[in-house]
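Visitor: Following this line is entry_27.pdb, made up of PDB, N, CA and C atoms:
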```pdb
ATOM      1  N   MET A   1      -5.087  21.515 -55.215
ATOM      2  CA  MET A   1      -6.083  22.567 -55.054
ATOM      3  C   MET A   1      -7.226  22.307 -56.037
ATOM      4  N   ASP A   2      -8.456  22.266 -55.562
ATOM      5  CA  ASP A   2      -9.574  22.015 -56.458
ATOM      6  C   ASP A   2     -10.123  23.317 -57.035
ATOM      7  N   ASN A   3     -10.994  23.170 -58.032
ATOM      8  CA  ASN A   3     -11.545  24.330 -58.738
ATOM      9  C   ASN A   3     -12.295  25.281 -57.815
ATOM     10  N   LYS A   4     -12.946  24.750 -56.786
ATOM     11  CA  LYS A   4     -13.765  25.596 -55.927
ATOM     12  C   LYS A   4     -12.928  26.601 -55.144
ATOM     13  N   SER A   5     -11.658  26.273 -54.874
ATOM     14  CA  SER A   5     -10.855  27.171 -54.071
ATOM     15  C   SER A   5      -9.985  28.105 -54.917
ATOM     16  N   ARG A   6      -9.960  27.895 -56.237
ATOM     17  CA  ARG A   6      -9.170  28.780 -57.091
ATOM     18  C   ARG A   6      -9.973  30.022 -57.428
ATOM     19  N   SER A   7      -9.268  31.115 -57.564
ATOM     20  CA  SER A   7      -9.945  32.357 -57.930
ATOM     21  C   SER A   7      -9.228  32.990 -59.118
ATOM     22  N   ILE A   8      -9.958  33.844 -59.807
ATOM     23  CA  ILE A   8      -9.444  34.526 -60.989
ATOM     24  C   ILE A   8      -9.518  36.022 -60.722
ATOM     25  N   ASP A   9      -8.474  36.739 -61.107
ATOM     26  CA  ASP A   9      -8.446  38.197 -60.964
ATOM     27  C   ASP A   9      -9.087  38.850 -62.182
ATOM     28  N   TYR A  10      -9.913  39.852 -61.933
ATOM     29  CA  TYR A  10     -10.560  40.623 -62.997
ATOM     30  C   TYR A  10     -10.418  42.104 -62.678
ATOM     31  N   GLU A  11     -10.558  42.912 -63.714
ATOM     32  CA  GLU A  11     -10.627  44.354 -63.533
ATOM     33  C   GLU A  11     -11.835  44.860 -64.313
ATOM     34  N   ILE A  12     -12.696  45.560 -63.604
ATOM     35  CA  ILE A  12     -13.896  46.137 -64.210
ATOM     36  C   ILE A  12     -13.983  47.586 -63.763
ATOM     37  N   LEU A  13     -14.045  48.494 -64.713
ATOM     38  CA  LEU A  13     -14.150  49.920 -64.429
ATOM     39  C   LEU A  13     -13.024  50.407 -63.514
ATOM     40  N   GLY A  14     -11.878  49.793 -63.633
ATOM     41  CA  GLY A  14     -10.745  50.190 -62.823
ATOM     42  C   GLY A  14     -10.696  49.537 -61.449
ATOM     43  N   TYR A  15     -11.709  48.773 -61.102
ATOM     44  CA  TYR A  15     -11.746  48.067 -59.826
ATOM     45  C   TYR A  15     -11.214  46.654 -60.033
ATOM     46  N   LYS A  16     -10.353  46.210 -59.139
ATOM     47  CA  LYS A  16      -9.818  44.855 -59.207
ATOM     48  C   LYS A  16     -10.611  43.970 -58.265
ATOM     49  N   ILE A  17     -11.029  42.826 -58.791
ATOM     50  CA  ILE A  17     -11.804  41.878 -57.991
ATOM     51  C   ILE A  17     -11.286  40.470 -58.239
ATOM     52  N   LYS A  18     -11.586  39.577 -57.304
ATOM     53  CA  LYS A  18     -11.281  38.156 -57.450
ATOM     54  C   LYS A  18     -12.600  37.408 -57.379
ATOM     55  N   LEU A  19     -12.791  36.510 -58.310
ATOM     56  CA  LEU A  19     -13.985  35.667 -58.303
ATOM     57  C   LEU A  19     -13.554  34.210 -58.298
ATOM     58  N   LYS A  20     -14.295  33.398 -57.573
ATOM     59  CA  LYS A  20     -14.009  31.967 -57.569
ATOM     60  C   LYS A  20     -14.393  31.372 -58.905
ATOM     61  N   GLU A  21     -13.566  30.424 -59.357
ATOM     62  CA  GLU A  21     -13.895  29.693 -60.573
ATOM     63  C   GLU A  21     -15.119  28.845 -60.316
ATOM     64  N   GLY A  22     -15.937  28.689 -61.340
ATOM     65  CA  GLY A  22     -17.085  27.811 -61.214
ATOM     66  C   GLY A  22     -16.662  26.373 -61.406
ATOM     67  N   ASP A  23     -17.523  25.444 -61.005
ATOM     68  CA  ASP A  23     -17.237  24.042 -61.247
ATOM     69  C   ASP A  23     -18.066  23.569 -62.432
ATOM     70  N   GLU A  24     -18.011  22.268 -62.704
ATOM     71  CA  GLU A  24     -18.724  21.746 -63.871
ATOM     72  C   GLU A  24     -20.239  21.869 -63.739
ATOM     73  N   ASN A  25     -20.740  22.081 -62.531
ATOM     74  CA  ASN A  25     -22.185  22.232 -62.312
ATOM     75  C   ASN A  25     -22.656  23.675 -62.443
ATOM     76  N   THR A  26     -21.713  24.610 -62.550
ATOM     77  CA  THR A  26     -22.058  26.021 -62.652
ATOM     78  C   THR A  26     -22.594  26.312 -64.041
ATOM     79  N   GLN A  27     -23.748  26.947 -64.105
ATOM     80  CA  GLN A  27     -24.368  27.238 -65.392
ATOM     81  C   GLN A  27     -23.756  28.448 -66.070
ATOM     82  N   VAL A  28     -23.190  29.356 -65.297
ATOM     83  CA  VAL A  28     -22.612  30.578 -65.845
ATOM     84  C   VAL A  28     -21.224  30.751 -65.243
ATOM     85  N   SER A  29     -20.245  30.987 -66.097
ATOM     86  CA  SER A  29     -18.875  31.134 -65.610
ATOM     87  C   SER A  29     -18.619  32.574 -65.161
ATOM     88  N   PRO A  30     -17.621  32.772 -64.311
ATOM     89  CA  PRO A  30     -17.245  34.135 -63.927
ATOM     90  C   PRO A  30     -16.863  34.971 -65.153
ATOM     91  N   ASP A  31     -16.230  34.363 -66.144
ATOM     92  CA  ASP A  31     -15.880  35.090 -67.366
ATOM     93  C   ASP A  31     -17.121  35.661 -68.046
ATOM     94  N   GLN A  32     -18.188  34.875 -68.100
ATOM     95  CA  GLN A  32     -19.425  35.340 -68.730
ATOM     96  C   GLN A  32     -20.039  36.497 -67.941
ATOM     97  N   VAL A  33     -20.004  36.403 -66.629
ATOM     98  CA  VAL A  33     -20.555  37.456 -65.776
ATOM     99  C   VAL A  33     -19.769  38.751 -65.968
ATOM    100  N   VAL A  34     -18.449  38.634 -65.919
ATOM    101  CA  VAL A  34     -17.591  39.813 -66.071
ATOM    102  C   VAL A  34     -17.769  40.428 -67.453
ATOM    103  N   ASP A  35     -17.850  39.589 -68.486
ATOM    104  CA  ASP A  35     -18.058  40.110 -69.842
ATOM    105  C   ASP A  35     -19.372  40.878 -69.947
ATOM    106  N   LEU A  36     -20.427  40.354 -69.336
ATOM    107  CA  LEU A  36     -21.717  41.045 -69.361
ATOM    108  C   LEU A  36     -21.621  42.399 -68.677
ATOM    109  N   VAL A  37     -21.006  42.440 -67.505
ATOM    110  CA  VAL A  37     -20.866  43.701 -66.765
ATOM    111  C   VAL A  37     -20.031  44.696 -67.566
ATOM    112  N   ARG A  38     -18.939  44.223 -68.119
ATOM    113  CA  ARG A  38     -18.085  45.111 -68.925
ATOM    114  C   ARG A  38     -18.842  45.665 -70.129
ATOM    115  N   ASN A  39     -19.578  44.805 -70.813
ATOM    116  CA  ASN A  39     -20.332  45.252 -71.992
ATOM    117  C   ASN A  39     -21.381  46.295 -71.625
ATOM    118  N   GLU A  40     -22.097  46.051 -70.532
ATOM    119  CA  GLU A  40     -23.113  47.016 -70.101
ATOM    120  C   GLU A  40     -22.465  48.331 -69.676
ATOM    121  N   ALA A  41     -21.333  48.243 -68.986
ATOM    122  CA  ALA A  41     -20.620  49.452 -68.572
ATOM    123  C   ALA A  41     -20.140  50.233 -69.790
ATOM    124  N   ASN A  42     -19.620  49.528 -70.780
ATOM    125  CA  ASN A  42     -19.156  50.199 -72.005
ATOM    126  C   ASN A  42     -20.294  50.910 -72.728
ATOM    127  N   LYS A  43     -21.465  50.290 -72.777
ATOM    128  CA  LYS A  43     -22.627  50.932 -73.415
ATOM    129  C   LYS A  43     -22.974  52.240 -72.696
ATOM    130  N   ILE A  44     -22.999  52.187 -71.377
ATOM    131  CA  ILE A  44     -23.342  53.379 -70.598
ATOM    132  C   ILE A  44     -22.291  54.458 -70.789
ATOM    133  N   MET A  45     -21.010  54.072 -70.761
ATOM    134  CA  MET A  45     -19.935  55.061 -70.917
ATOM    135  C   MET A  45     -19.963  55.701 -72.305
ATOM    136  N   GLN A  46     -20.385  54.967 -73.317
ATOM    137  CA  GLN A  46     -20.497  55.550 -74.652
ATOM    138  C   GLN A  46     -21.634  56.557 -74.716
ATOM    139  N   MET A  47     -22.723  56.275 -74.018
ATOM    140  CA  MET A  47     -23.874  57.184 -74.028
ATOM    141  C   MET A  47     -23.669  58.386 -73.117
ATOM    142  N   ALA A  48     -22.918  58.174 -72.032
ATOM    143  CA  ALA A  48     -22.736  59.252 -71.058
ATOM    144  C   ALA A  48     -21.284  59.253 -70.558
ATOM    145  N   PRO A  49     -20.361  59.731 -71.391
ATOM    146  CA  PRO A  49     -18.940  59.678 -71.017
ATOM    147  C   PRO A  49     -18.575  60.571 -69.827
ATOM    148  N   GLN A  50     -19.448  61.478 -69.433
ATOM    149  CA  GLN A  50     -19.154  62.368 -68.315
ATOM    150  C   GLN A  50     -19.306  61.683 -66.951
ATOM    151  N   LEU A  51     -19.921  60.518 -66.923
ATOM    152  CA  LEU A  51     -20.132  59.828 -65.655
ATOM    153  C   LEU A  51     -18.825  59.237 -65.140
ATOM    154  N   ASP A  52     -18.673  59.237 -63.812
ATOM    155  CA  ASP A  52     -17.488  58.579 -63.260
ATOM    156  C   ASP A  52     -17.776  57.083 -63.120
ATOM    157  N   ARG A  53     -16.743  56.326 -62.822
ATOM    158  CA  ARG A  53     -16.873  54.868 -62.831
ATOM    159  C   ARG A  53     -17.834  54.350 -61.768
ATOM    160  N   GLY A  54     -17.920  55.039 -60.643
ATOM    161  CA  GLY A  54     -18.872  54.637 -59.614
ATOM    162  C   GLY A  54     -20.313  54.792 -60.079
ATOM    163  N   GLU A  55     -20.583  55.887 -60.766
ATOM    164  CA  GLU A  55     -21.937  56.112 -61.297
ATOM    165  C   GLU A  55     -22.264  55.071 -62.376
ATOM    166  N   VAL A  56     -21.281  54.759 -63.204
ATOM    167  CA  VAL A  56     -21.487  53.742 -64.243
ATOM    168  C   VAL A  56     -21.779  52.394 -63.585
ATOM    169  N   ALA A  57     -21.004  52.061 -62.564
ATOM    170  CA  ALA A  57     -21.212  50.795 -61.863
ATOM    171  C   ALA A  57     -22.613  50.727 -61.257
ATOM    172  N   LEU A  58     -23.057  51.833 -60.665
ATOM    173  CA  LEU A  58     -24.392  51.871 -60.081
ATOM    174  C   LEU A  58     -25.462  51.702 -61.155
ATOM    175  N   LEU A  59     -25.291  52.364 -62.285
ATOM    176  CA  LEU A  59     -26.265  52.224 -63.373
ATOM    177  C   LEU A  59     -26.294  50.805 -63.924
ATOM    178  N   VAL A  60     -25.132  50.162 -64.009
ATOM    179  CA  VAL A  60     -25.085  48.757 -64.452
ATOM    180  C   VAL A  60     -25.841  47.885 -63.455
ATOM    181  N   ALA A  61     -25.600  48.095 -62.172
ATOM    182  CA  ALA A  61     -26.284  47.306 -61.143
ATOM    183  C   ALA A  61     -27.798  47.507 -61.208
ATOM    184  N   LEU A  62     -28.232  48.755 -61.387
ATOM    185  CA  LEU A  62     -29.667  49.036 -61.477
ATOM    186  C   LEU A  62     -30.279  48.398 -62.717
ATOM    187  N   GLN A  63     -29.576  48.460 -63.840
ATOM    188  CA  GLN A  63     -30.081  47.846 -65.075
ATOM    189  C   GLN A  63     -30.211  46.334 -64.917
ATOM    190  N   MET A  64     -29.198  45.724 -64.329
ATOM    191  CA  MET A  64     -29.232  44.267 -64.143
ATOM    192  C   MET A  64     -30.308  43.860 -63.140
ATOM    193  N   ALA A  65     -30.492  44.656 -62.102
ATOM    194  CA  ALA A  65     -31.550  44.373 -61.134
ATOM    195  C   ALA A  65     -32.917  44.462 -61.808
ATOM    196  N   GLN A  66     -33.100  45.486 -62.634
ATOM    197  CA  GLN A  66     -34.369  45.625 -63.356
ATOM    198  C   GLN A  66     -34.583  44.441 -64.289
ATOM    199  N   ASP A  67     -33.549  44.051 -65.019
ATOM    200  CA  ASP A  67     -33.658  42.910 -65.932
ATOM    201  C   ASP A  67     -34.022  41.633 -65.177
ATOM    202  N   LYS A  68     -33.413  41.443 -64.014
ATOM    203  CA  LYS A  68     -33.708  40.251 -63.212
ATOM    204  C   LYS A  68     -35.144  40.268 -62.714
ATOM    205  N   LEU A  69     -35.598  41.412 -62.231
ATOM    206  CA  LEU A  69     -36.969  41.505 -61.732
ATOM    207  C   LEU A  69     -37.982  41.259 -62.840
ATOM    208  N   VAL A  70     -37.716  41.793 -64.018
ATOM    209  CA  VAL A  70     -38.606  41.564 -65.164
ATOM    210  C   VAL A  70     -38.613  40.075 -65.523
ATOM    211  N   ALA A  71     -37.434  39.465 -65.559
ATOM    212  CA  ALA A  71     -37.345  38.036 -65.884
ATOM    213  C   ALA A  71     -38.077  37.197 -64.842
ATOM    214  N   ASP A  72     -37.905  37.529 -63.556
ATOM    215  CA  ASP A  72     -38.600  36.808 -62.495
ATOM    216  C   ASP A  72     -40.112  36.944 -62.626
ATOM    217  N   LYS A  73     -40.564  38.151 -62.928
ATOM    218  CA  LYS A  73     -42.005  38.387 -63.072
ATOM    219  C   LYS A  73     -42.558  37.606 -64.271
ATOM    220  N   ASN A  74     -41.817  37.634 -65.387
ATOM    221  CA  ASN A  74     -42.238  36.875 -66.566
ATOM    222  C   ASN A  74     -42.255  35.383 -66.286
ATOM    223  N   TYR A  75     -41.253  34.903 -65.563
ATOM    224  CA  TYR A  75     -41.185  33.485 -65.210
ATOM    225  C   TYR A  75     -42.405  33.086 -64.384
ATOM    226  N   GLN A  76     -42.711  33.883 -63.365
ATOM    227  CA  GLN A  76     -43.858  33.574 -62.512
ATOM    228  C   GLN A  76     -45.165  33.595 -63.305
ATOM    229  N   SER A  77     -45.283  34.564 -64.203
ATOM    230  CA  SER A  77     -46.480  34.662 -65.030
ATOM    231  C   SER A  77     -46.609  33.444 -65.944
ATOM    232  N   GLU A  78     -45.507  33.064 -66.562
ATOM    233  CA  GLU A  78     -45.513  31.892 -67.450
ATOM    234  C   GLU A  78     -45.808  30.623 -66.664
ATOM    235  N   LEU A  79     -45.247  30.507 -65.467
ATOM    236  CA  LEU A  79     -45.482  29.341 -64.635
ATOM    237  C   LEU A  79     -46.950  29.245 -64.236
ATOM    238  N   THR A  80     -47.542  30.365 -63.847
ATOM    239  CA  THR A  80     -48.954  30.389 -63.488
ATOM    240  C   THR A  80     -49.815  30.005 -64.687
ATOM    241  N   ASP A  81     -49.486  30.549 -65.853
ATOM    242  CA  ASP A  81     -50.213  30.236 -67.079
ATOM    243  C   ASP A  81     -50.105  28.752 -67.423
ATOM    244  N   LEU A  82     -48.908  28.196 -67.277
ATOM    245  CA  LEU A  82     -48.691  26.781 -67.565
ATOM    246  C   LEU A  82     -49.487  25.894 -66.623
ATOM    247  N   LYS A  83     -49.501  26.237 -65.332
ATOM    248  CA  LYS A  83     -50.270  25.462 -64.357
ATOM    249  C   LYS A  83     -51.758  25.504 -64.681
ATOM    250  N   GLU A  84     -52.221  26.679 -65.080
ATOM    251  CA  GLU A  84     -53.636  26.834 -65.429
ATOM    252  C   GLU A  84     -53.984  25.975 -66.642
ATOM    253  N   LYS A  85     -53.134  26.025 -67.663
ATOM    254  CA  LYS A  85     -53.378  25.226 -68.871
ATOM    255  C   LYS A  85     -53.281  23.733 -68.582
ATOM    256  N   ALA A  86     -52.349  23.339 -67.731
ATOM    257  CA  ALA A  86     -52.221  21.928 -67.369
ATOM    258  C   ALA A  86     -53.463  21.459 -66.618
ATOM    259  N   GLY A  87     -53.987  22.308 -65.752
ATOM    260  CA  GLY A  87     -55.203  21.973 -65.025
ATOM    261  C   GLY A  87     -56.389  21.807 -65.964
ATOM    262  N   LYS A  88     -56.508  22.703 -66.924
ATOM    263  CA  LYS A  88     -57.598  22.603 -67.901
ATOM    264  C   LYS A  88     -57.448  21.347 -68.751
ATOM    265  N   ALA A  89     -56.225  21.036 -69.157
ATOM    266  CA  ALA A  89     -55.987  19.835 -69.954
ATOM    267  C   ALA A  89     -56.339  18.588 -69.150
ATOM    268  N   LEU A  90     -55.970  18.559 -67.877
ATOM    269  CA  LEU A  90     -56.296  17.424 -67.018
ATOM    270  C   LEU A  90     -57.806  17.268 -66.882
ATOM    271  N   ASN A  91     -58.509  18.379 -66.725
ATOM    272  CA  ASN A  91     -59.973  18.326 -66.635
ATOM    273  C   ASN A  91     -60.580  17.760 -67.913
ATOM    274  N   LEU A  92     -60.074  18.176 -69.072
ATOM    275  CA  LEU A  92     -60.577  17.647 -70.339
ATOM    276  C   LEU A  92     -60.313  16.153 -70.458
ATOM    277  N   ILE A  93     -59.133  15.737 -70.043
ATOM    278  CA  ILE A  93     -58.798  14.311 -70.102
ATOM    279  C   ILE A  93     -59.722  13.516 -69.195
ATOM    280  N   GLU A  94     -59.971  14.041 -68.011
ATOM    281  CA  GLU A  94     -60.853  13.352 -67.074
ATOM    282  C   GLU A  94     -62.283  13.291 -67.597
ATOM    283  N   GLU A  95     -62.717  14.295 -68.356
ATOM    284  CA  GLU A  95     -64.068  14.308 -68.908
ATOM    285  C   GLU A  95     -64.249  13.257 -69.989
ATOM    286  N   VAL A  96     -63.219  13.053 -70.812
ATOM    287  CA  VAL A  96     -63.367  12.130 -71.931
ATOM    288  C   VAL A  96     -62.868  10.729 -71.628
ATOM    289  N   THR A  97     -62.213  10.530 -70.534
ATOM    290  CA  THR A  97     -61.710   9.207 -70.160
ATOM    291  C   THR A  97     -62.761   8.486 -69.366
ATOM    292  N   PRO A  98     -63.164   7.285 -69.840
ATOM    293  CA  PRO A  98     -64.153   6.547 -69.049
ATOM    294  C   PRO A  98     -63.527   6.050 -67.741
ATOM    295  N   THR A  99     -64.347   6.071 -66.725
ATOM    296  CA  THR A  99     -63.837   5.595 -65.433
ATOM    297  C   THR A  99     -63.781   4.082 -65.450
ATOM    298  N   THR A 100     -62.739   3.546 -64.869
ATOM    299  CA  THR A 100     -62.605   2.086 -64.792
ATOM    300  C   THR A 100     -62.639   1.685 -63.338
ATOM    301  N   MET A 101     -63.174   0.521 -63.110
ATOM    302  CA  MET A 101     -63.266   0.030 -61.736
ATOM    303  C   MET A 101     -62.482  -1.207 -61.579
TER     304      MET A 101
END
```
Here is a file; write its structure as structure tokens.
Guide:
Amino acid sequence: MDNKSRSIDYEILGYKIKLKEGDENTQVSPDQVVDLVRNEANKIMQMAPQLDRGEVALLVALQMAQDKLVADKNYQSELTDLKEKAGKALNLIEEVTPTTM
């Protein structure tokens, strides 16, 4: 049985789930993902212990979605800025480089 077909059992907020193990090319392991979700859920439960686990799970999902959207927006902004700077640098190089025939 190879790594791609093996799964690991986890419990988060009382829910049992199975996640496939990552392979050597996976940048983030299932353990890291589960730890992040658990940590975020614990923070929310400490701030608002009256919430039930479904509400906590929804708040974790919303927080992570917001974080992803912010990261995506920042990435796109940085990429656009980098392309602009690279274009300006190329123009400067072309201005000071003598043309050869």
Visitor: In Å, how far is it from atom C of Ile44 (chain A) to atom N of Lys16 (chain A)?
Guide: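 Atom-to-atom, atom C of Ile44 (chain A) to atom N of Lys16 (chain A), that is 18.6 Å.
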Visitor: Write out as a ChimeraX atom specification the residues lying within 8 Å of region 29-39 of chain A, counting all atoms listed in the file and excluding same-chain residues fewer than 2 positions away.
Guide: /A:10-13,19-23,26-27,41-45,60-61
Visitor: Per DSSP on the backbone, filter chain A down to the residues in strand (DSSP E or B) and report them as a ChimeraX atom specification.
Guide: /A:7-12,15-20
